[in-house]
Structure formats: C-alpha cells, structure tokens
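J.: Sharing a structure with you now.
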Amino acid sequence: MTADGIVLMSDPRIAAVPVVDCGEPLVDVRRDGSLAVDPRRAEESGAFAHLREGVLTRLLAAQSLLPDSLRLLFVEGYRPPALQRAYFERYAGRLRAEHPDWPATRVRDAAARYVSPPEIAPHSAGAAVDLTLVSADGHELHMGSELNAGPEDSGGACCTDAPGIGAGARAGRRLLATALTSAGLVNYPTEWWHWSYGDRYWALATGAGHARYGPRPLG
C-alpha cells in the first residue's frame with residue numbers, strides 16, 4: 001500500500017485471494033462492432049481484443065450509460081502471460097537501472113504501480129481492459145495524460161485522482177468512472193484507464209470471497 005492508501009498489485013493480500021475460475025470463455029470484442037476498438041495495441045494473434053464474456057457484457061452496459069455524444073474506446077484487453085511477464089520485467093529493469101540502491105522489494109512495488117506482477121495480472125485473466133472515451137465522431141478526449149503513460153513520464157498525472165489535470169480531463173475521468181463503476185468494474189487507482197471485473201484485485205476491492213477469473217491461455 002502506498003502512503004496515500006492505494007493498494008498496489010504487489011500487495012500480498014491480492015495474491016492471497018483464491019481463484020475459482022468460472023470457465024467463462026474469452027471472446028473477441030470486435031465481433032459485432034458494438035465497441036470502438038483502437039489499433040495501437042494490436043498484434044498478429046488478435047489477443048489484445050479479447051475479454052471474458054462477462055467483462056464485455058459489463059462494458060456494453062457501461063457504454064449505454066454514457067451521454068449520446070460519447071463512446072468507449074477499447075485499447076487493450078487480454079494479455080498473454082508471457083507478454084505480461086516481459087512488460088513487468090522490462091519496467092522493473094528500467095527502475096533498477098535508474099535506482100541501483102533500491103532493494104528488490106521496492107523495485108517490485110514501484111513497478112507494480114504501472115505493470116501488474118505476472119502471477120496475478122488481471123489482463124492475463126481476460127478480466128481487465130484499458131480504455132478511454134471518444135466523441136461520436138471518433139475524436140479521443142484528452143484525459144489529463146496519455147493512456148499507458150507511466151508515473152515517471154506523466155509526472156503522476158496517470159493516477160486517477162491526480163491533482164492539477166484540468167477541469168475537462170477531470171470531467172472525462174468522472175464520466176468514465178461513473179459508467180464503469182455502475183456496471184460493476186473497479187479501477188486501479190494508479191492508472192485512470194485500467195478497469196477490471198472478476199479478477200483478484202476486483203475481489204479484494206469489492207469484498208468478494210474469491211476471484212471469478214484466473215490467468216489462462218488464449219486458445
């Protein structure tokens with residue numbers, strides 16, 4: 001936990017949450033065009049565009065709660081465990097190089113502000129989505145920082161409740177949060193764009209007895 005009370009993905013309470021996987025399939029969110037899908041994380045397998053079926057259902061419910069002038073913009077969902085591990089190790093390596101005096105536990109906690117440890121990663125369970133808002137004509141709203149900007153690169157503006165991001169960005173984040181929370185998703189507070197349902201982080205945040213989804217391969 002950070003000084004401001006944010007529970008990080010590296011918190012041992014998250015790893016301690018049991019997983020009782022409901023066996024729900026991963027589905028392609030592009031299948032009927034209901035969601036706008038951004039190609040910035042696209043790769044050959046199309047894994048990025050998959051989510052557990054129940055998460056997609058909740059995203060569509062959230063989208064229906066937005067003003068008619070706005071839509072969700074889906075950026076990334078499922079992330080294969082090997083890719084998640086590569087992301088985590090790359091970011092942890094950057095932090096080790098920048099802070100050679102940090103012990104391993106501090107590096108892990110600092111890395112977990114931005115990339116989930118692979119063994120508990122919501123993306124690898126098909127339970128998490130990175131997303132933002134676009135206008136009806138496809139114009140992406142400014143939300144105070146670039147989506148996927150790290151805390152170092154954004155000066156902390158990536159945090160959902162970051163101060164000083166401007167009234168327009170604050171209003172956009174509030175709209176996004178209201179819709180997604182109403183649909184049952186929870187936010188990772190160091191990343192305004194990251195929302196999940198059914199994973200260990202969600203279970204801890206909501207008081208559920210167990211996670212519904214655990215890491216799994218795409219096929």
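Residue numbers start at 1 in each chain; chains themselves are named A, B, ... in the order of the structure tokens; ligands are numbered from 1 in the order shown.
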Pick out each residue of chain A that DSSP on the backbone tags as alpha helix (DSSP H); I need them as a count of residues only.
T.: 70
J.: Mind pulling up the distance from atom CA of A:Ile120 to atom CA of A:Arg13?
T.: 11.1 Å
J.: Which residues of stretch 69-98 of chain A come within 10 Å of stretch 175-191 of chain A, and for each one, what is the closest pair of atoms and their distance in Å to one decimal, counting only C-alpha atoms, sorted by chain and residue number, as JSON lines?
T.:
```
{"residue": "A:Leu70", "atom": "CA", "partner": "A:Leu175", "partner_atom": "CA", "distance": 9.7}
{"residue": "A:Arg71", "atom": "CA", "partner": "A:Leu176", "partner_atom": "CA", "distance": 9.7}
{"residue": "A:Leu72", "atom": "CA", "partner": "A:Leu176", "partner_atom": "CA", "distance": 8.3}
```
J.: Could you give me, as a Markdown table, every stretch 111-195 of chain A residue with an atom at most 12 Å from stretch 25-35 of chain A, plus its closest atom pair and distance in Å to one decimal, counting only C-alpha atoms, rows ordered by chain then number?
T.:
```
| residue | atom | partner | partner_atom | distance |
| --- | --- | --- | --- | --- |
| A:His123 | CA | A:Leu26 | CA | 11.5 |
| A:Ser124 | CA | A:Leu26 | CA | 10.8 |
| A:Ala125 | CA | A:Leu26 | CA | 9.1 |
| A:Gly126 | CA | A:Leu26 | CA | 6.7 |
| A:Ala127 | CA | A:Leu26 | CA | 9.4 |
| A:Ala128 | CA | A:Leu26 | CA | 11.8 |
| A:Val129 | CA | A:Val29 | CA | 10.9 |
| A:Leu131 | CA | A:Leu35 | CA | 10.7 |
| A:Thr132 | CA | A:Leu35 | CA | 11.5 |
| A:Leu133 | CA | A:Leu35 | CA | 11.1 |
| A:Val134 | CA | A:Leu35 | CA | 10.9 |
| A:Ala136 | CA | A:Leu35 | CA | 11.8 |
| A:Gly138 | CA | A:Leu35 | CA | 11.7 |
```
J.: For the selection you just gave me, I'd like the residues written to a file as a short mmCIF file (atom, residue, chain, number, x, y, z; two decimals), in the first residue's frame, keeping N, CA and C atoms.
T.:
```cif
data_model
loop_
_atom_site.label_atom_id
_atom_site.label_comp_id
_atom_site.auth_asym_id
_atom_site.auth_seq_id
_atom_site.Cartn_x
_atom_site.Cartn_y
_atom_site.Cartn_z
N HIS A 123 -5.03 -8.55 -16.67
CA HIS A 123 -5.07 -8.66 -18.13
C HIS A 123 -4.90 -10.10 -18.58
N SER A 124 -4.05 -10.86 -17.89
CA SER A 124 -3.80 -12.25 -18.30
C SER A 124 -4.93 -13.19 -17.93
N ALA A 125 -5.89 -12.68 -17.17
CA ALA A 125 -7.11 -13.44 -16.87
C ALA A 125 -8.25 -13.06 -17.81
N GLY A 126 -8.00 -12.11 -18.70
CA GLY A 126 -9.07 -11.61 -19.56
C GLY A 126 -10.08 -10.79 -18.79
N ALA A 127 -9.66 -10.29 -17.61
CA ALA A 127 -10.57 -9.59 -16.71
C ALA A 127 -10.41 -8.09 -16.73
N ALA A 128 -9.36 -7.59 -17.37
CA ALA A 128 -9.05 -6.16 -17.33
C ALA A 128 -9.07 -5.55 -18.72
N VAL A 129 -9.37 -4.26 -18.75
CA VAL A 129 -9.40 -3.54 -20.01
C VAL A 129 -8.79 -2.16 -19.81
N LEU A 131 -8.93 1.49 -21.48
CA LEU A 131 -9.87 2.15 -22.38
C LEU A 131 -9.97 3.64 -22.05
N THR A 132 -10.59 4.36 -22.96
CA THR A 132 -10.81 5.79 -22.77
C THR A 132 -12.12 6.16 -23.44
N LEU A 133 -12.34 7.46 -23.64
CA LEU A 133 -13.57 7.95 -24.24
C LEU A 133 -13.29 8.62 -25.58
N VAL A 134 -14.23 8.47 -26.50
CA VAL A 134 -14.18 9.19 -27.77
C VAL A 134 -15.53 9.84 -28.03
N ALA A 136 -18.66 11.00 -30.55
CA ALA A 136 -19.42 10.23 -31.53
C ALA A 136 -18.75 10.21 -32.90
N GLY A 138 -15.51 10.08 -33.29
CA GLY A 138 -14.23 9.39 -33.18
C GLY A 138 -13.09 10.20 -32.62
#
```
J.: Excluding A:Ala112 and its own-chain neighbours fewer than 5 positions away, which residues fall within 12 Å of it when counting only C-alpha atoms? Please give them as a PyMOL selection string.
T.: chain A and resi 1-2+6-12+84-85+87-89+91-92+95+105-107+117-121+150-151+188-191
J.: Find the residues around stretch 208-219 of chain A up to 12 Å (only C-alpha atoms counted), leave out those fewer than 3 positions away in its own chain, and share them as number ranges by chain.
T.: A: 13-28, 45-55, 77-84, 117-128, 196-205
J.: Rounded to one decimal place, report the atom CA of A:Ala61-atom CA of A:Asp161 distance in Å.
T.: 23.9 Å
J.: Rounded to one decimal, what separation in Å do you get between atom CA of A:Asp130 and atom CA of A:Trp192?
T.: 8.8 Å
J.: Report as JSON, numbers by chain all protein, DNA and RNA residues lying within 9 Å of A:Gly144, evaluated on only C-alpha atoms, omitting residues in the same chain fewer than 2 positions from it.
T.: {"A": [142, 146, 157, 158, 162, 164, 165, 166, 168, 169, 170, 173]}
J.: Write out as a ChimeraX atom specification all residues of stretch 8-186 of chain A that backbone DSSP assigns to strand (DSSP E or B).
T.: /A:19,26-28,36-37,50-52,70-76,128-135,140,186
